[in-house]
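Asks: Below you will find the structure I want to go over with you.
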Amino acid sequence: MGLDIHVNTDKDEELFPSDYFREGGLSDQHSLSRTFCNFMAARQIDHKPDFESIREITGVDISPLYQMEDFPVEEELDYRLSTAESEAERQALIAEAQLKKQALEGNIDKVLGTIEALISRLGAVDNLKDILLKEAMDPETVSYYFSDFNQDKGKGYIDNNFGHDLRNFKRFLNYAKERGAKTVWFWYG
C-alpha cells in the first residue's frame, strides 16, 4: 500500500453515484496515479521537485495546485484540536482552518486553467523526460512517467504517465464543474 491523492470538491455528494468507482467507470477517467501523488508531495523533500522544473519549462504558475494541498481536512483538524493545550490555541486553529478554506473558495476555474495550460504547453515539448532526467532523483520513474506526454499510458490510475494524469485531472474538473462544484482540493490517503 502507498499514499494516494484524491481531488475533493464542495459537491462530492453529487459527484460520486454508486457506480462511479466500478471497474471501467468514471473513476478510471478521473483518477490520478500514485506517481502523481509522489510528484506533488516531492516539494516536501530536500531536492528540487520535478514540478518546479515543469513550471520553468512551461512558464505556467503552478501555485493553484500547491494551494489545493492547504485545504484543512476535518480529521486532521479534529486531531489538532484534540491536542491543543488551551482554548486560545483551539480558536487559533479554527480561525486558521477557516482562512485556508476561504482562500480556496471558488478555485475550480483557476485550477482548470492551470491544468489546461500545462497540457497545452507540455504537449509541444518533444523531449520532456530528457530535460527532467538531468535533475531526477528517480531516473527510472522519470523516464517512464514523463515519456510520450501526448499518449495515455496506463489504465486510468495504474501506470499512468504525466500526460494521462493531467488529462484525467482535466476531465474530473470539467465533470465536477458541470455538476456545480466551485472549490477543489487535494486529499491524501
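Convention: chains lettered A, B, ... in C-alpha cells order; per-chain residue numbering from 1; ligands numbered from 1 as shown.
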Write out as JSON, numbers by chain each polymer residue whose atoms come within 12 Å of region 131-141 of chain A, counting only C-alpha atoms; drop sequence neighbours fewer than 3 positions from it.
Replies: {"A": [34, 35, 36, 38, 39, 42, 45, 46, 47, 48, 49, 50, 51, 52, 53, 54, 55, 56, 57, 122, 125, 126, 127, 128, 144, 145, 146, 147, 159, 160, 161, 162]}
Asks: Quick one: residues within 12 Å of Gly25 (chain A), only C-alpha atoms counted, chain neighbours fewer than 5 positions away excluded, as a list in words?
Replies: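 Here the qualifying residues turn out to be Phe16, Pro17, Ser18, Asp19, Tyr20, His30, Ser31, Lys155 and Gly156 of chain A.
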Asks: Taking N, CA, C and O atoms for each residue, export the selection above as an mmCIF file, in the first residue's frame.
Replies:
data_model
loop_
_atom_site.group_PDB
_atom_site.id
_atom_site.type_symbol
_atom_site.label_atom_id
_atom_site.label_comp_id
_atom_site.auth_asym_id
_atom_site.auth_seq_id
_atom_site.Cartn_x
_atom_site.Cartn_y
_atom_site.Cartn_z
ATOM 1 N N PHE A 16 -20.400 11.453 -6.980
ATOM 2 C CA PHE A 16 -19.992 10.055 -6.904
ATOM 3 C C PHE A 16 -21.191 9.118 -6.745
ATOM 4 O O PHE A 16 -21.457 8.606 -5.663
ATOM 5 N N PRO A 17 -21.924 8.861 -7.841
ATOM 6 C CA PRO A 17 -23.025 7.893 -7.765
ATOM 7 C C PRO A 17 -22.472 6.503 -7.461
ATOM 8 O O PRO A 17 -21.267 6.261 -7.537
ATOM 9 N N SER A 18 -23.354 5.578 -7.145
ATOM 10 C CA SER A 18 -22.924 4.250 -6.694
ATOM 11 C C SER A 18 -22.036 3.525 -7.696
ATOM 12 O O SER A 18 -21.166 2.744 -7.307
ATOM 13 N N ASP A 19 -22.197 3.764 -8.983
ATOM 14 C CA ASP A 19 -21.386 3.058 -9.979
ATOM 15 C C ASP A 19 -20.125 3.833 -10.388
ATOM 16 O O ASP A 19 -19.384 3.385 -11.253
ATOM 17 N N TYR A 20 -19.871 4.946 -9.748
ATOM 18 C CA TYR A 20 -18.721 5.772 -10.116
ATOM 19 C C TYR A 20 -17.404 5.002 -10.004
ATOM 20 O O TYR A 20 -16.533 5.120 -10.855
ATOM 21 N N HIS A 30 -10.936 9.656 -14.286
ATOM 22 C CA HIS A 30 -10.651 10.822 -13.440
ATOM 23 C C HIS A 30 -9.508 10.616 -12.464
ATOM 24 O O HIS A 30 -9.019 11.585 -11.877
ATOM 25 N N SER A 31 -9.090 9.395 -12.226
ATOM 26 C CA SER A 31 -8.119 9.090 -11.170
ATOM 27 C C SER A 31 -6.725 9.606 -11.490
ATOM 28 O O SER A 31 -6.300 9.621 -12.641
ATOM 29 N N LYS A 155 -3.698 2.646 -17.163
ATOM 30 C CA LYS A 155 -5.101 2.224 -17.164
ATOM 31 C C LYS A 155 -5.958 3.142 -16.312
ATOM 32 O O LYS A 155 -6.775 2.685 -15.518
ATOM 33 N N GLY A 156 -5.770 4.431 -16.428
ATOM 34 C CA GLY A 156 -6.606 5.368 -15.692
ATOM 35 C C GLY A 156 -6.125 5.643 -14.282
ATOM 36 O O GLY A 156 -6.536 6.599 -13.655
#
Asks: Write out as a VMD selection string the residues lying within 10 Å of region 81-95 of chain A, counting only C-alpha atoms and excluding same-chain residues fewer than 6 positions away.
Replies: chain A and resid 72 75 101
Asks: Would you export the selected residues with N, CA, C and O atoms as a PDB file, in the first residue's frame, please?
Replies:
ATOM      1  N   PRO A  72      -7.962  22.415   4.865  1.00  0.00           N
ATOM      2  CA  PRO A  72      -7.923  21.683   6.136  1.00  0.00           C
ATOM      3  C   PRO A  72      -8.874  20.480   6.114  1.00  0.00           C
ATOM      4  O   PRO A  72     -10.079  20.632   6.002  1.00  0.00           O
ATOM      5  N   GLU A  75     -10.524  15.440   9.615  1.00  0.00           N
ATOM      6  CA  GLU A  75      -9.895  14.507  10.546  1.00  0.00           C
ATOM      7  C   GLU A  75      -8.600  15.085  11.118  1.00  0.00           C
ATOM      8  O   GLU A  75      -8.312  14.939  12.309  1.00  0.00           O
ATOM      9  N   LYS A 101      -9.738  27.647   4.088  1.00  0.00           N
ATOM     10  CA  LYS A 101     -10.914  27.309   3.277  1.00  0.00           C
ATOM     11  C   LYS A 101     -11.333  28.500   2.417  1.00  0.00           C
ATOM     12  O   LYS A 101     -11.622  28.358   1.237  1.00  0.00           O
TER      13      LYS A 101
END
Asks: Quick one: distance from CA of Tyr79 (chain A) to CA of Val111 (chain A) in Å, one decimal?
Replies: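 We find that CA of Tyr79 (chain A) and CA of Val111 (chain A) lie 28.6 Å from each other.
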Asks: Looking only at the backbone, which of the residues in region 46-186 of chain A does DSSP tag as helix (DSSP H, G or I), as a ChimeraX atom specification?
Replies: /A:50-58,63-70,74-82,87-104,108-122,128-133,139-145,162-178
Asks: Considering only C-alpha atoms, can you say which of A:Lys129, A:Arg121, A:Lys177, A:Phe71 comes closest to Leu99 (chain A)?
Replies: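 The closest residue to Leu99 (chain A) is A:Phe71.
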Asks: Calculated over only C-alpha atoms, which of the candidates A:Arg80, A:Ala117, A:Lys110, A:Trp187 has the smallest distance to Leu3 (chain A)?
Replies: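 Closest residue, counting only C-alpha atoms: A:Trp187.
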Asks: Considering only C-alpha atoms, can you say which of A:Leu26, A:Ala181, A:Ile158, A:Leu118 comes closest to Gly59 (chain A)?
Replies: A:Leu118
Asks: As a list in words, please: the residues near Glu178 (chain A) (cut-off 12 Å, only C-alpha atoms, same-chain neighbours under 3 positions excluded).
Replies: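 Here the qualifying residues turn out to be Lys11, Glu14, Leu15, Ile108, Asp109, Arg171, Phe172, Leu173, Asn174, Tyr175, Ala181 and Lys182 of chain A.
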